[in-house]
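Containing PDB, C-alpha atoms, pLDDT in the B column: structure.pdb.
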```pdb
ATOM      1  CA  MET R   1      11.233  24.963 -26.973  1.00 43.00           C
ATOM      2  CA  GLY R   2      13.128  22.898 -29.467  1.00 44.00           C
ATOM      3  CA  LYS R   3      13.983  19.248 -29.582  1.00 39.00           C
ATOM      4  CA  SER R   4      16.610  17.869 -27.280  1.00 39.00           C
ATOM      5  CA  HIS R   5      18.953  15.043 -28.132  1.00 41.00           C
ATOM      6  CA  GLY R   6      16.950  13.112 -30.684  1.00 41.00           C
ATOM      7  CA  GLU R   7      13.561  13.172 -28.984  1.00 37.00           C
ATOM      8  CA  THR R   8      10.633  13.153 -31.329  1.00 36.00           C
ATOM      9  CA  PRO R   9       7.779  15.623 -30.745  1.00 37.00           C
ATOM     10  CA  GLU R  10       5.677  12.712 -29.404  1.00 38.00           C
ATOM     11  CA  GLN R  11       8.270  12.051 -26.694  1.00 37.00           C
ATOM     12  CA  GLN R  12       8.204  15.704 -25.637  1.00 37.00           C
ATOM     13  CA  ARG R  13       4.430  15.925 -25.198  1.00 37.00           C
ATOM     14  CA  PRO R  14       3.026  15.445 -21.719  1.00 38.00           C
ATOM     15  CA  CYS R  15       0.725  12.532 -21.122  1.00 36.00           C
ATOM     16  CA  PRO R  16      -2.814  13.696 -22.068  1.00 37.00           C
ATOM     17  CA  ASN R  17      -4.237  12.266 -18.858  1.00 38.00           C
ATOM     18  CA  GLY R  18      -1.455  13.660 -16.658  1.00 37.00           C
ATOM     19  CA  PRO R  19       0.856  11.669 -14.405  1.00 39.00           C
ATOM     20  CA  PRO R  20      -0.450   8.580 -12.645  1.00 42.00           C
ATOM     21  CA  THR R  21      -2.286   9.266  -9.414  1.00 45.00           C
ATOM     22  CA  GLY R  22      -3.786   7.232  -6.589  1.00 48.00           C
ATOM     23  CA  GLU R  23      -2.857   3.588  -6.339  1.00 46.00           C
ATOM     24  CA  ASP R  24      -1.108   3.576  -9.735  1.00 47.00           C
ATOM     25  CA  ALA R  25       1.257   6.428  -8.809  1.00 49.00           C
ATOM     26  CA  GLY R  26       3.939   4.053  -7.518  1.00 52.00           C
ATOM     27  CA  ALA R  27       3.594   1.477 -10.274  1.00 54.00           C
ATOM     28  CA  PRO R  28       6.679   0.691 -12.312  1.00 55.00           C
ATOM     29  CA  PRO R  29       6.331   1.369 -16.038  1.00 56.00           C
ATOM     30  CA  GLY R  30       4.256  -1.436 -17.541  1.00 56.00           C
ATOM     31  CA  GLY R  31       3.665  -3.105 -14.179  1.00 74.00           C
ATOM     32  CA  GLU R  32       1.361  -3.188 -11.212  1.00 90.00           C
ATOM     33  CA  ARG R  33       2.338  -1.305  -8.083  1.00 95.00           C
ATOM     34  CA  ARG R  34       3.775  -3.325  -5.201  1.00 97.00           C
ATOM     35  CA  TYR R  35       2.904  -2.234  -1.688  1.00 97.00           C
ATOM     36  CA  ARG R  36       5.337  -2.482   1.216  1.00 96.00           C
ATOM     37  CA  ALA R  37       4.864  -2.206   4.958  1.00 95.00           C
ATOM     38  CA  ASN R  38       6.757   0.742   6.387  1.00 94.00           C
ATOM     39  CA  PRO R  39       9.432  -0.682   8.732  1.00 93.00           C
ATOM     40  CA  ASP R  40       9.093   2.426  10.948  1.00 93.00           C
ATOM     41  CA  PHE R  41       5.810   0.985  12.260  1.00 92.00           C
ATOM     42  CA  ILE R  42       5.376  -2.187  14.305  1.00 91.00           C
ATOM     43  CA  VAL R  43       2.273  -4.253  14.997  1.00 91.00           C
ATOM     44  CA  ARG R  44       1.448  -5.160  18.586  1.00 92.00           C
ATOM     45  CA  LYS R  45      -1.482  -6.931  20.178  1.00 92.00           C
ATOM     46  CA  ILE R  46      -2.426  -5.094  23.379  1.00 91.00           C
ATOM     47  CA  ALA R  47      -5.478  -5.893  25.519  1.00 92.00           C
ATOM     48  CA  GLY R  48      -7.082  -7.800  22.648  1.00 91.00           C
ATOM     49  CA  GLU R  49      -6.576  -4.962  20.127  1.00 93.00           C
ATOM     50  CA  VAL R  50      -4.172  -5.070  17.175  1.00 93.00           C
ATOM     51  CA  LEU R  51      -2.306  -1.753  17.080  1.00 93.00           C
ATOM     52  CA  VAL R  52       0.182  -0.193  14.685  1.00 92.00           C
ATOM     53  CA  VAL R  53       2.777   1.759  16.659  1.00 91.00           C
ATOM     54  CA  PRO R  54       5.291   4.213  15.173  1.00 89.00           C
ATOM     55  CA  THR R  55       8.917   3.721  16.193  1.00 90.00           C
ATOM     56  CA  GLY R  56      12.071   5.824  16.191  1.00 88.00           C
ATOM     57  CA  LYS R  57      11.880   9.245  14.553  1.00 88.00           C
ATOM     58  CA  THR R  58       8.523   8.350  13.048  1.00 86.00           C
ATOM     59  CA  ALA R  59       7.029   8.411  16.561  1.00 85.00           C
ATOM     60  CA  TYR R  60       7.821  12.145  16.749  1.00 85.00           C
ATOM     61  CA  LYS R  61       6.086  12.890  13.453  1.00 86.00           C
ATOM     62  CA  PHE R  62       3.194  10.438  13.827  1.00 83.00           C
ATOM     63  CA  ASN R  63       1.968  10.818  17.392  1.00 78.00           C
ATOM     64  CA  ALA R  64      -0.870   8.272  17.343  1.00 83.00           C
ATOM     65  CA  LEU R  65      -1.743   4.604  17.359  1.00 84.00           C
ATOM     66  CA  ILE R  66      -3.752   2.865  14.660  1.00 91.00           C
ATOM     67  CA  THR R  67      -6.167   0.056  15.447  1.00 93.00           C
ATOM     68  CA  LEU R  68      -6.326  -2.706  12.835  1.00 93.00           C
ATOM     69  CA  THR R  69      -8.940  -5.292  12.100  1.00 92.00           C
ATOM     70  CA  GLU R  70      -7.833  -8.891  11.972  1.00 92.00           C
ATOM     71  CA  GLY R  71      -7.858  -8.683   8.166  1.00 93.00           C
ATOM     72  CA  GLY R  72      -5.804  -5.471   8.173  1.00 94.00           C
ATOM     73  CA  ALA R  73      -3.223  -7.057  10.464  1.00 94.00           C
ATOM     74  CA  PHE R  74      -3.103 -10.102   8.175  1.00 95.00           C
ATOM     75  CA  LEU R  75      -2.471  -7.913   5.100  1.00 96.00           C
ATOM     76  CA  LEU R  76       0.154  -5.762   6.804  1.00 95.00           C
ATOM     77  CA  GLU R  77       2.029  -8.839   7.994  1.00 93.00           C
ATOM     78  CA  ARG R  78       2.099 -10.206   4.431  1.00 95.00           C
ATOM     79  CA  MET R  79       3.465  -6.889   3.147  1.00 96.00           C
ATOM     80  CA  LYS R  80       6.253  -7.040   5.742  1.00 93.00           C
ATOM     81  CA  GLN R  81       7.337 -10.393   4.343  1.00 90.00           C
ATOM     82  CA  THR R  82       7.449  -9.261   0.721  1.00 95.00           C
ATOM     83  CA  PRO R  83       6.065  -6.405  -1.416  1.00 96.00           C
ATOM     84  CA  ARG R  84       2.611  -7.306  -2.749  1.00 97.00           C
ATOM     85  CA  THR R  85       0.402  -6.131  -5.591  1.00 97.00           C
ATOM     86  CA  LYS R  86      -3.225  -5.250  -4.976  1.00 97.00           C
ATOM     87  CA  ALA R  87      -4.203  -8.456  -6.798  1.00 96.00           C
ATOM     88  CA  ASP R  88      -1.883 -10.441  -4.479  1.00 96.00           C
ATOM     89  CA  LEU R  89      -3.530  -8.919  -1.422  1.00 97.00           C
ATOM     90  CA  ILE R  90      -7.036  -9.596  -2.724  1.00 97.00           C
ATOM     91  CA  GLY R  91      -6.151 -13.239  -3.371  1.00 96.00           C
ATOM     92  CA  LEU R  92      -4.565 -13.643   0.064  1.00 96.00           C
ATOM     93  CA  LEU R  93      -7.588 -12.154   1.825  1.00 95.00           C
ATOM     94  CA  GLU R  94      -9.999 -14.187  -0.294  1.00 95.00           C
ATOM     95  CA  ASN R  95      -8.248 -17.444   0.588  1.00 94.00           C
ATOM     96  CA  GLU R  96      -7.577 -16.722   4.267  1.00 95.00           C
ATOM     97  CA  TYR R  97     -11.071 -15.536   5.159  1.00 95.00           C
ATOM     98  CA  ASP R  98     -13.179 -17.402   2.599  1.00 90.00           C
ATOM     99  CA  VAL R  99     -14.784 -14.223   1.228  1.00 94.00           C
ATOM    100  CA  THR R 100     -15.830 -13.377  -2.314  1.00 95.00           C
ATOM    101  CA  ALA R 101     -13.416 -11.647  -4.663  1.00 95.00           C
ATOM    102  CA  GLU R 102     -15.679  -8.577  -4.608  1.00 97.00           C
ATOM    103  CA  THR R 103     -15.644  -8.354  -0.800  1.00 96.00           C
ATOM    104  CA  ALA R 104     -11.887  -8.925  -0.686  1.00 97.00           C
ATOM    105  CA  ALA R 105     -11.320  -6.219  -3.341  1.00 97.00           C
ATOM    106  CA  GLU R 106     -13.436  -3.705  -1.394  1.00 97.00           C
ATOM    107  CA  ASP R 107     -11.652  -4.520   1.867  1.00 96.00           C
ATOM    108  CA  VAL R 108      -8.187  -4.302   0.292  1.00 97.00           C
ATOM    109  CA  SER R 109      -9.006  -0.989  -1.408  1.00 97.00           C
ATOM    110  CA  SER R 110     -10.260   0.487   1.853  1.00 96.00           C
ATOM    111  CA  PHE R 111      -7.243  -0.802   3.776  1.00 96.00           C
ATOM    112  CA  LEU R 112      -4.733   0.503   1.215  1.00 97.00           C
ATOM    113  CA  GLU R 113      -6.372   3.927   1.053  1.00 96.00           C
ATOM    114  CA  LYS R 114      -6.076   4.373   4.834  1.00 94.00           C
ATOM    115  CA  ALA R 115      -2.659   2.719   5.153  1.00 95.00           C
ATOM    116  CA  LEU R 116      -1.179   4.849   2.368  1.00 96.00           C
ATOM    117  CA  ALA R 117      -2.638   8.046   3.824  1.00 93.00           C
ATOM    118  CA  SER R 118      -1.113   7.311   7.236  1.00 92.00           C
ATOM    119  CA  GLY R 119       2.260   6.184   5.839  1.00 92.00           C
ATOM    120  CA  VAL R 120       2.005   2.679   7.297  1.00 95.00           C
ATOM    121  CA  VAL R 121       2.271   1.340   3.730  1.00 96.00           C
ATOM    122  CA  SER R 122       4.145   2.748   0.758  1.00 93.00           C
TER     123      SER R 122
END
```

With the file now loaded, output its structure as structure tokens.
Amino acid sequence: MGKSHGETPEQQRPCPNGPPTGEDAGAPPGGERRYRANPDFIVRKIAGEVLVVPTGKTAYKFNALITLTEGGAFLLERMKQTPRTKADLIGLLENEYDVTAETAAEDVSSFLEKALASGVVS
């Protein structure tokens, strides 16, 4: 194929490592990805358990409840208030629960992996 509208050959080549995947897939160019709580899910405390419950049309597609830890509920609530980067979430967890940065990073990574897979977070 030939050039199109002034693009140099470098601009036409695909990225050698392919498109971003995983946590970086939603990152804006040159920035860190911001995670948001999906408004189609609500958090409820029932019988001492913190549950994520799908609402509206999402309840038809996602026919389950998700149990959260106290830390998971804390993170999800913060993402409802404003979109957060992974670094934001690590810092929030570190400060709220007085854990090391390493522990907070592991917990946030685990939470995001599961929350993204279920659609609770985007």

Is it possible to get the axis-aligned box enclosing range 92-101 of chain R (all listed atoms, 8 Å extra per side) as lines of an AutoDock Vina configuration file, with centre and edge lengths in Å rounded to one decimal?
```
center_x = -10.2
center_y = -14.5
center_z = 0.2
size_x = 27.3
size_y = 21.8
size_z = 25.8
```

So which residues touch range 59-63 of chain R within 10 Å, counting only C-alpha atoms, skipping near sequence neighbours fewer than 4 positions away, as an MDAnalysis selection string? chainID R and resid 40:41 53:55 118:119

Taking the file as I've supplied it (selection: the PyMOL selection byres ((chain R and resi 98-109) around 12)), which residues are included? Please answer as an mmCIF file with C-alpha atoms, keeping the file's coordinate frame.
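Printed below is part.cif as written:
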```cif
data_model
loop_
_atom_site.group_PDB
_atom_site.id
_atom_site.type_symbol
_atom_site.label_atom_id
_atom_site.label_comp_id
_atom_site.auth_asym_id
_atom_site.auth_seq_id
_atom_site.Cartn_x
_atom_site.Cartn_y
_atom_site.Cartn_z
ATOM 1 C CA GLY R 22 -3.786 7.232 -6.589
ATOM 2 C CA GLU R 23 -2.857 3.588 -6.339
ATOM 3 C CA TYR R 35 2.904 -2.234 -1.688
ATOM 4 C CA THR R 69 -8.940 -5.292 12.100
ATOM 5 C CA GLU R 70 -7.833 -8.891 11.972
ATOM 6 C CA GLY R 71 -7.858 -8.683 8.166
ATOM 7 C CA GLY R 72 -5.804 -5.471 8.173
ATOM 8 C CA ALA R 73 -3.223 -7.057 10.464
ATOM 9 C CA PHE R 74 -3.103 -10.102 8.175
ATOM 10 C CA LEU R 75 -2.471 -7.913 5.100
ATOM 11 C CA LEU R 76 0.154 -5.762 6.804
ATOM 12 C CA ARG R 84 2.611 -7.306 -2.749
ATOM 13 C CA THR R 85 0.402 -6.131 -5.591
ATOM 14 C CA LYS R 86 -3.225 -5.250 -4.976
ATOM 15 C CA ALA R 87 -4.203 -8.456 -6.798
ATOM 16 C CA ASP R 88 -1.883 -10.441 -4.479
ATOM 17 C CA LEU R 89 -3.530 -8.919 -1.422
ATOM 18 C CA ILE R 90 -7.036 -9.596 -2.724
ATOM 19 C CA GLY R 91 -6.151 -13.239 -3.371
ATOM 20 C CA LEU R 92 -4.565 -13.643 0.064
ATOM 21 C CA LEU R 93 -7.588 -12.154 1.825
ATOM 22 C CA GLU R 94 -9.999 -14.187 -0.294
ATOM 23 C CA ASN R 95 -8.248 -17.444 0.588
ATOM 24 C CA GLU R 96 -7.577 -16.722 4.267
ATOM 25 C CA TYR R 97 -11.071 -15.536 5.159
ATOM 26 C CA SER R 110 -10.260 0.487 1.853
ATOM 27 C CA PHE R 111 -7.243 -0.802 3.776
ATOM 28 C CA LEU R 112 -4.733 0.503 1.215
ATOM 29 C CA GLU R 113 -6.372 3.927 1.053
ATOM 30 C CA LYS R 114 -6.076 4.373 4.834
ATOM 31 C CA ALA R 115 -2.659 2.719 5.153
ATOM 32 C CA LEU R 116 -1.179 4.849 2.368
#
```

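Counting from CA of Val121 in chain R, the distance to CA of Arg36 in chain R is 5.5 Å.
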
Which residue of R:Ser122, R:Ala37, R:Val52, R:Ala47 approaches Leu68 in chain R most closely, using all atoms listed in the file: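 Selected residue with least distance to Leu68 in chain R: R:Val52.
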
Quick one: pull the distance between CA of Glu49 in chain R and CA of Thr67 in chain R, Å, one decimal. 6.9 Å

Would you work out the distance separating CA of Lys45 in chain R from CA of Arg33 in chain R, expressed in Å to one decimal?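 Straight-line distance from CA of Lys45 in chain R to CA of Arg33 in chain R works out to 29.1 Å.
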